[in-house]
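> Just passing along the structure, written as structure tokens.
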Amino acid sequence: MAGIYIHIPFCKQACYYCDFHFSTSLKYKDDLLQALVKEIRLQKNYLNNETVETIYFGGGTPSLLQADEISKLINTITELHTVSSTAEITLEANPDDLDDAKIKALRQTNVNRFSIGIQSFFDEDLLWMNRAHRSRHAEASVKRAQDAGFENITADLIYGYPLLTDTKWKQNLDKLFELAIPHVSSYSMTVEPQTALASFINKKTQPPMNEQQSAAQFLVLMDAMTDHGFEHYEISNFCKPGHYSRHNSNYWQGVKYLGIGPSAHSYNGETRQWNIANNAKYIQGIETGKLPAETETLTEENRLNEYIMTSIRTMWGLDLGKLNDIAKASANELLIAANRYFDNGWIIQKDNKLYLSPEGKLYADNIAAGLFF
């Protein structure tokens, strides 16, 4: 099986913390959409005829597109690939885009899952982030989608920023549980270089993020999700049983995927490629019939470390038996590196698999790096 990701690089306005590739101008939208169709055709052989199980519209803000524009992209994919009849087709959406007319139109497409960027149910927090929507949009958009028959919904929440007290964080989570959303992605606020938030902090007009606050709110998140019957199946992802994000799970389990659009990444098991993160240059390159991308051939060490980094983050764990399948690597060598994490209780071994403990999940990236070959 395989997945396809389509990057829609347009937003109404720039969130202060975001470093994804996007433009707030829709000037080249039509040209960009034509280029996406051409790239789908140009890369039709990348997945080597594997059945497509997931399609994911990310960005940017894919919900800025019209339903017929989304259908055109899906139809181009189905024309060139075998797409599973049960494929998960996800559209990232901002709450303010999901009015009655848009949801009704999307119901006529093959989109069957929404990823709604709520981030917070407090207007002051949304203003601080420079989000385009307000709290009333968030709650209304979820209910509209559910009323229209969209049951497969995930929502994003952010924690660990100065305005978010522990009380407000618990209220955000309670509101999410009240809405009966089956999947939640939740991230600590990170300060990326070249973002407005980084500039504000450098100029001391905003305080820096507090690691202790972030860790404490992550622990609250894990406990609350467990109490409400959610599985913590990846560091930042929680779901009711059976409601995993199939597309994102592909990334963590090493499944092939094709990325379409400026800045999109692709992976076929042997190589990784990434498109140029510039709309005009992307369009120009596609129009000439040449993919504007760079490619890296993965070494055995690359593939081993990537497996370690992704698998240790999930509830399925790091399978020591797979190390030899990837690169004739020694499980004993990795276990020696893991000893210090066994000693402090951050890693647990069950049978032939390694898992992060709840405390270990606070240090997932550092642990993964400490296990690298």
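As shown in the structure tokens, the chain order sets the letters A, B, ...; within each chain, residues go from 1, and ligands are also counted from 1 in the order they appear.
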Which residues, written as an mmCIF file with N, CA, C and O atoms, in the first residue's frame, have at least one atom at most 12 Å from A:Gln349, with only C-alpha atoms counted and residues fewer than 5 positions away on the same chain left out?


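Just written: out_10.cif:
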data_model
loop_
_atom_site.group_PDB
_atom_site.id
_atom_site.type_symbol
_atom_site.label_atom_id
_atom_site.label_comp_id
_atom_site.auth_asym_id
_atom_site.auth_seq_id
_atom_site.Cartn_x
_atom_site.Cartn_y
_atom_site.Cartn_z
ATOM 1 N N ILE A 312 9.968 4.218 17.666
ATOM 2 C CA ILE A 312 10.018 4.375 19.119
ATOM 3 C C ILE A 312 8.941 5.360 19.592
ATOM 4 O O ILE A 312 8.555 5.368 20.768
ATOM 5 N N TRP A 316 3.216 0.870 18.940
ATOM 6 C CA TRP A 316 3.623 -0.432 18.392
ATOM 7 C C TRP A 316 5.093 -0.730 18.665
ATOM 8 O O TRP A 316 5.528 -1.855 18.548
ATOM 9 N N GLY A 317 5.857 0.272 19.033
ATOM 10 C CA GLY A 317 7.215 0.080 19.503
ATOM 11 C C GLY A 317 8.248 -0.203 18.428
ATOM 12 O O GLY A 317 7.951 -0.321 17.236
ATOM 13 N N LEU A 318 9.480 -0.303 18.904
ATOM 14 C CA LEU A 318 10.632 -0.581 18.055
ATOM 15 C C LEU A 318 10.879 -2.087 18.088
ATOM 16 O O LEU A 318 11.216 -2.657 19.129
ATOM 17 N N ASP A 319 10.687 -2.735 16.954
ATOM 18 C CA ASP A 319 10.849 -4.188 16.839
ATOM 19 C C ASP A 319 12.318 -4.506 16.572
ATOM 20 O O ASP A 319 12.846 -4.214 15.498
ATOM 21 N N LEU A 320 12.980 -5.092 17.560
ATOM 22 C CA LEU A 320 14.411 -5.387 17.411
ATOM 23 C C LEU A 320 14.678 -6.342 16.251
ATOM 24 O O LEU A 320 15.736 -6.290 15.624
ATOM 25 N N LEU A 335 20.679 -2.442 22.184
ATOM 26 C CA LEU A 335 20.303 -2.646 23.580
ATOM 27 C C LEU A 335 21.358 -2.078 24.526
ATOM 28 O O LEU A 335 21.028 -1.561 25.599
ATOM 29 N N ALA A 338 20.702 1.422 24.759
ATOM 30 C CA ALA A 338 19.442 1.689 25.470
ATOM 31 C C ALA A 338 19.554 1.489 26.972
ATOM 32 O O ALA A 338 18.632 1.858 27.713
ATOM 33 N N ASN A 339 20.668 0.918 27.453
ATOM 34 C CA ASN A 339 20.795 0.583 28.872
ATOM 35 C C ASN A 339 20.501 1.758 29.795
ATOM 36 O O ASN A 339 19.817 1.633 30.810
ATOM 37 N N TYR A 341 18.618 4.197 29.327
ATOM 38 C CA TYR A 341 17.195 4.539 29.335
ATOM 39 C C TYR A 341 16.373 3.486 30.075
ATOM 40 O O TYR A 341 15.326 3.792 30.633
ATOM 41 N N PHE A 342 16.879 2.237 30.103
ATOM 42 C CA PHE A 342 16.250 1.231 30.958
ATOM 43 C C PHE A 342 16.443 1.621 32.424
ATOM 44 O O PHE A 342 15.529 1.515 33.249
ATOM 45 N N ASP A 343 17.660 2.065 32.741
ATOM 46 C CA ASP A 343 18.009 2.369 34.125
ATOM 47 C C ASP A 343 17.140 3.490 34.705
ATOM 48 O O ASP A 343 16.783 3.450 35.885
ATOM 49 N N LEU A 354 10.856 -2.516 22.032
ATOM 50 C CA LEU A 354 11.139 -1.437 22.966
ATOM 51 C C LEU A 354 10.039 -0.389 22.863
ATOM 52 O O LEU A 354 9.595 -0.035 21.764
ATOM 53 N N TYR A 355 9.622 0.136 24.026
ATOM 54 C CA TYR A 355 8.570 1.151 24.083
ATOM 55 C C TYR A 355 9.020 2.282 24.999
ATOM 56 O O TYR A 355 9.769 2.060 25.953
ATOM 57 N N LEU A 356 8.535 3.479 24.734
ATOM 58 C CA LEU A 356 8.756 4.590 25.647
ATOM 59 C C LEU A 356 7.778 4.494 26.811
ATOM 60 O O LEU A 356 6.595 4.214 26.622
ATOM 61 N N SER A 357 8.268 4.744 28.018
ATOM 62 C CA SER A 357 7.386 4.862 29.172
ATOM 63 C C SER A 357 6.708 6.233 29.107
ATOM 64 O O SER A 357 7.117 7.099 28.324
#

> Leaving out A:Ala148 and any residue of its chain fewer than 2 positions from it, which residues lie within 8 Å of it when counting only C-alpha atoms, given as a PDB file with N, CA, C and O atoms, in the first residue's frame?


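Output file out-v4.pdb follows:
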ATOM      1  N   ILE A 103     -19.238  22.601   3.499  1.00  0.00           N
ATOM      2  CA  ILE A 103     -19.390  21.212   3.950  1.00  0.00           C
ATOM      3  C   ILE A 103     -20.337  20.448   3.033  1.00  0.00           C
ATOM      4  O   ILE A 103     -20.085  19.288   2.672  1.00  0.00           O
ATOM      5  N   LYS A 104     -21.415  21.095   2.612  1.00  0.00           N
ATOM      6  CA  LYS A 104     -22.352  20.439   1.691  1.00  0.00           C
ATOM      7  C   LYS A 104     -21.656  20.101   0.374  1.00  0.00           C
ATOM      8  O   LYS A 104     -21.844  19.005  -0.177  1.00  0.00           O
ATOM      9  N   ARG A 107     -19.240  17.230   0.775  1.00  0.00           N
ATOM     10  CA  ARG A 107     -19.936  15.937   0.930  1.00  0.00           C
ATOM     11  C   ARG A 107     -20.111  15.255  -0.425  1.00  0.00           C
ATOM     12  O   ARG A 107     -20.276  14.025  -0.478  1.00  0.00           O
ATOM     13  N   ARG A 144     -21.213  21.044  12.467  1.00  0.00           N
ATOM     14  CA  ARG A 144     -21.719  21.023  11.094  1.00  0.00           C
ATOM     15  C   ARG A 144     -21.217  19.792  10.354  1.00  0.00           C
ATOM     16  O   ARG A 144     -21.973  19.130   9.637  1.00  0.00           O
ATOM     17  N   ALA A 145     -19.932  19.527  10.495  1.00  0.00           N
ATOM     18  CA  ALA A 145     -19.352  18.372   9.807  1.00  0.00           C
ATOM     19  C   ALA A 145     -20.005  17.077  10.280  1.00  0.00           C
ATOM     20  O   ALA A 145     -20.342  16.201   9.469  1.00  0.00           O
ATOM     21  N   GLN A 146     -20.179  16.961  11.591  1.00  0.00           N
ATOM     22  CA  GLN A 146     -20.819  15.755  12.135  1.00  0.00           C
ATOM     23  C   GLN A 146     -22.262  15.626  11.658  1.00  0.00           C
ATOM     24  O   GLN A 146     -22.706  14.542  11.270  1.00  0.00           O
ATOM     25  N   PHE A 150     -19.936  13.528   8.386  1.00  0.00           N
ATOM     26  CA  PHE A 150     -18.485  13.320   8.502  1.00  0.00           C
ATOM     27  C   PHE A 150     -18.182  12.873   9.936  1.00  0.00           C
ATOM     28  O   PHE A 150     -18.108  13.685  10.851  1.00  0.00           O
TER      29      PHE A 150
END

> Quick one: everything within 8 Å of A:Val83, counting only C-alpha atoms, minus sequence neighbours fewer than 4 positions away in the same chain. Send it as an NGL selection string.

:A and (51-53 or 77-78 or 87)

> Selection from above, C-alpha atoms, as an mmCIF file, in the first residue's frame, can you write it?


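Below is the file that was written, again.cif:
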data_model
loop_
_atom_site.group_PDB
_atom_site.id
_atom_site.type_symbol
_atom_site.label_atom_id
_atom_site.label_comp_id
_atom_site.auth_asym_id
_atom_site.auth_seq_id
_atom_site.Cartn_x
_atom_site.Cartn_y
_atom_site.Cartn_z
ATOM 1 C CA THR A 51 -2.350 0.545 -4.318
ATOM 2 C CA VAL A 52 -3.018 3.973 -2.846
ATOM 3 C CA GLU A 53 -4.651 3.585 0.576
ATOM 4 C CA ILE A 77 -4.967 10.439 -8.922
ATOM 5 C CA THR A 78 -7.636 7.781 -9.481
ATOM 6 C CA ALA A 87 -9.121 4.831 0.952
#

> Tell me, which residues of stretch 66-235 of chain A carry DSSP alpha helix (DSSP H), written as an NGL selection string?

:A and (67-80 or 100-106 or 123-129 or 135-147 or 166-178 or 196-202 or 211-227)

> May I have the residues within 8 Å of A:Tyr267 as a list in words, using only C-alpha atoms and disregarding those fewer than 2 positions away in the same chain?

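Contacts, in chain order: Lys256, Tyr257, Leu258, His265, Gly269, Glu270, Thr271, Arg272 and Gln273 of chain A.
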
> Tell me, as a PyMOL selection string, which residues lie within 9 Å of A:Leu26, counting only C-alpha atoms; anything in the same chain fewer than 3 positions away does not count.

chain A and resi 10-12+23+29-30

> Give the answer as one residue: which of A:Arg131, A:Lys203, A:Lys143, A:His243 has the shortest atom-to-atom distance to A:Pro182, using only C-alpha atoms?

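Of A:Arg131, A:Lys203, A:Lys143, A:His243, the one nearest A:Pro182, counting only C-alpha atoms, is A:His243.
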
> Can you measure atom CA of A:Arg303 to atom CA of A:Ile326 for me? One decimal in Å is fine.

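Separating atom CA of A:Arg303 from atom CA of A:Ile326 is a distance of 7.0 Å.
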
> Can you tell me, as number ranges by chain, which residues in stretch 264-309 of chain A count as strand (DSSP E) by DSSP?

A: 265-267, 271-275, 293-297

> Smallest atom-to-atom distance to A:Ser63: which of A:Leu91, A:Ala198, A:Ile4, A:Ala327, using only C-alpha atoms?

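Once distances to A:Ser63 are computed over only C-alpha atoms, the minimum belongs to A:Leu91.
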
> Would you compute the distance between atom CA of A:Phe218 and atom CA of A:Gly242? Give it in Å to one decimal.

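Here the two named atoms are 22.9 Å from each other.
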
> For each of A:Leu298, A:Val184, A:Ala293, A:Met1, take the minimum atom-to-atom distance to A:Thr154, counting only C-alpha atoms, then give the residue where this is smallest.

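Closest candidate: A:Val184.
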
> Quick one: pull the distance between atom CA of A:Ala101 and atom CA of A:Gly117, Å, one decimal.

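Interatomic distance, atom CA of A:Ala101 to atom CA of A:Gly117: 18.9 Å.
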
> What's around A:Val255 at 10 Å? Count only C-alpha atoms, leave out sequence neighbours fewer than 2 positions away in its own chain, and write the answer as JSON, numbers by chain.

{"A": [1, 2, 3, 247, 248, 249, 250, 251, 252, 253, 257, 267, 268, 269]}

> Using N, CA, C and O atoms, can you export the residues from the last selection as a short mmCIF file (atom, residue, chain, number, x, y, z; two decimals), in the first residue's frame?


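Generated output (again-v7.cif):
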data_model
loop_
_atom_site.label_atom_id
_atom_site.label_comp_id
_atom_site.auth_asym_id
_atom_site.auth_seq_id
_atom_site.Cartn_x
_atom_site.Cartn_y
_atom_site.Cartn_z
N MET A 1 0.84 -1.18 0.00
CA MET A 1 0.00 0.00 0.00
C MET A 1 0.88 1.24 0.00
O MET A 1 2.08 1.17 0.27
N ALA A 2 0.29 2.38 -0.31
CA ALA A 2 1.06 3.62 -0.38
C ALA A 2 0.13 4.79 -0.10
O ALA A 2 -1.10 4.64 -0.06
N GLY A 3 0.72 5.96 0.11
CA GLY A 3 -0.05 7.16 0.36
C GLY A 3 0.37 8.29 -0.56
O GLY A 3 1.49 8.28 -1.10
N HIS A 247 -3.04 7.69 7.19
CA HIS A 247 -2.00 8.35 6.40
C HIS A 247 -0.75 8.61 7.25
O HIS A 247 0.37 8.26 6.86
N ASN A 248 -0.92 9.25 8.40
CA ASN A 248 0.24 9.54 9.24
C ASN A 248 0.88 8.27 9.78
O ASN A 248 2.11 8.21 9.95
N SER A 249 0.08 7.24 10.03
CA SER A 249 0.64 5.96 10.47
C SER A 249 1.56 5.38 9.40
O SER A 249 2.55 4.70 9.72
N ASN A 250 1.25 5.63 8.14
CA ASN A 250 2.13 5.18 7.06
C ASN A 250 3.53 5.76 7.22
O ASN A 250 4.54 5.08 7.02
N TYR A 251 3.60 7.07 7.57
CA TYR A 251 4.91 7.70 7.76
C TYR A 251 5.70 6.99 8.85
O TYR A 251 6.89 6.70 8.70
N TRP A 252 5.03 6.69 9.96
CA TRP A 252 5.72 6.11 11.12
C TRP A 252 6.07 4.64 10.90
O TRP A 252 6.94 4.11 11.57
N GLN A 253 5.41 4.00 9.95
CA GLN A 253 5.65 2.58 9.71
C GLN A 253 6.43 2.32 8.43
O GLN A 253 6.56 1.18 7.99
N TYR A 257 5.33 6.81 0.16
CA TYR A 257 4.38 7.88 -0.09
C TYR A 257 4.94 8.83 -1.14
O TYR A 257 6.15 8.99 -1.29
N TYR A 267 8.91 9.42 -0.48
CA TYR A 267 9.76 8.35 0.03
C TYR A 267 9.32 7.04 -0.59
O TYR A 267 8.12 6.71 -0.60
N ASN A 268 10.28 6.30 -1.16
CA ASN A 268 9.92 5.03 -1.80
C ASN A 268 10.68 3.83 -1.21
O ASN A 268 10.74 2.77 -1.83
N GLY A 269 11.25 4.02 -0.04
CA GLY A 269 11.98 2.92 0.60
C GLY A 269 13.47 2.97 0.37
O GLY A 269 14.25 2.52 1.21
#

> Restricting the calculation to only C-alpha atoms, which member of A:Phe230, A:Ser214, A:Asp96, A:Phe238 is positioned closest to A:Ala155?

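Ranking A:Phe230, A:Ser214, A:Asp96, A:Phe238 by distance to A:Ala155, first place goes to A:Phe238.
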
> Could you check which of A:Leu47, A:Ala368, A:Ile70, A:Ile286 is closest to A:Ala337, using only C-alpha atoms?

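Smallest separation from A:Ala337 among the options: A:Ala368.
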
> Using only C-alpha atoms, pick whichever of A:Leu157, A:Cys15, A:Met209, A:Leu179 has the shortest atom-to-atom distance to A:Ser236.

A:Leu157
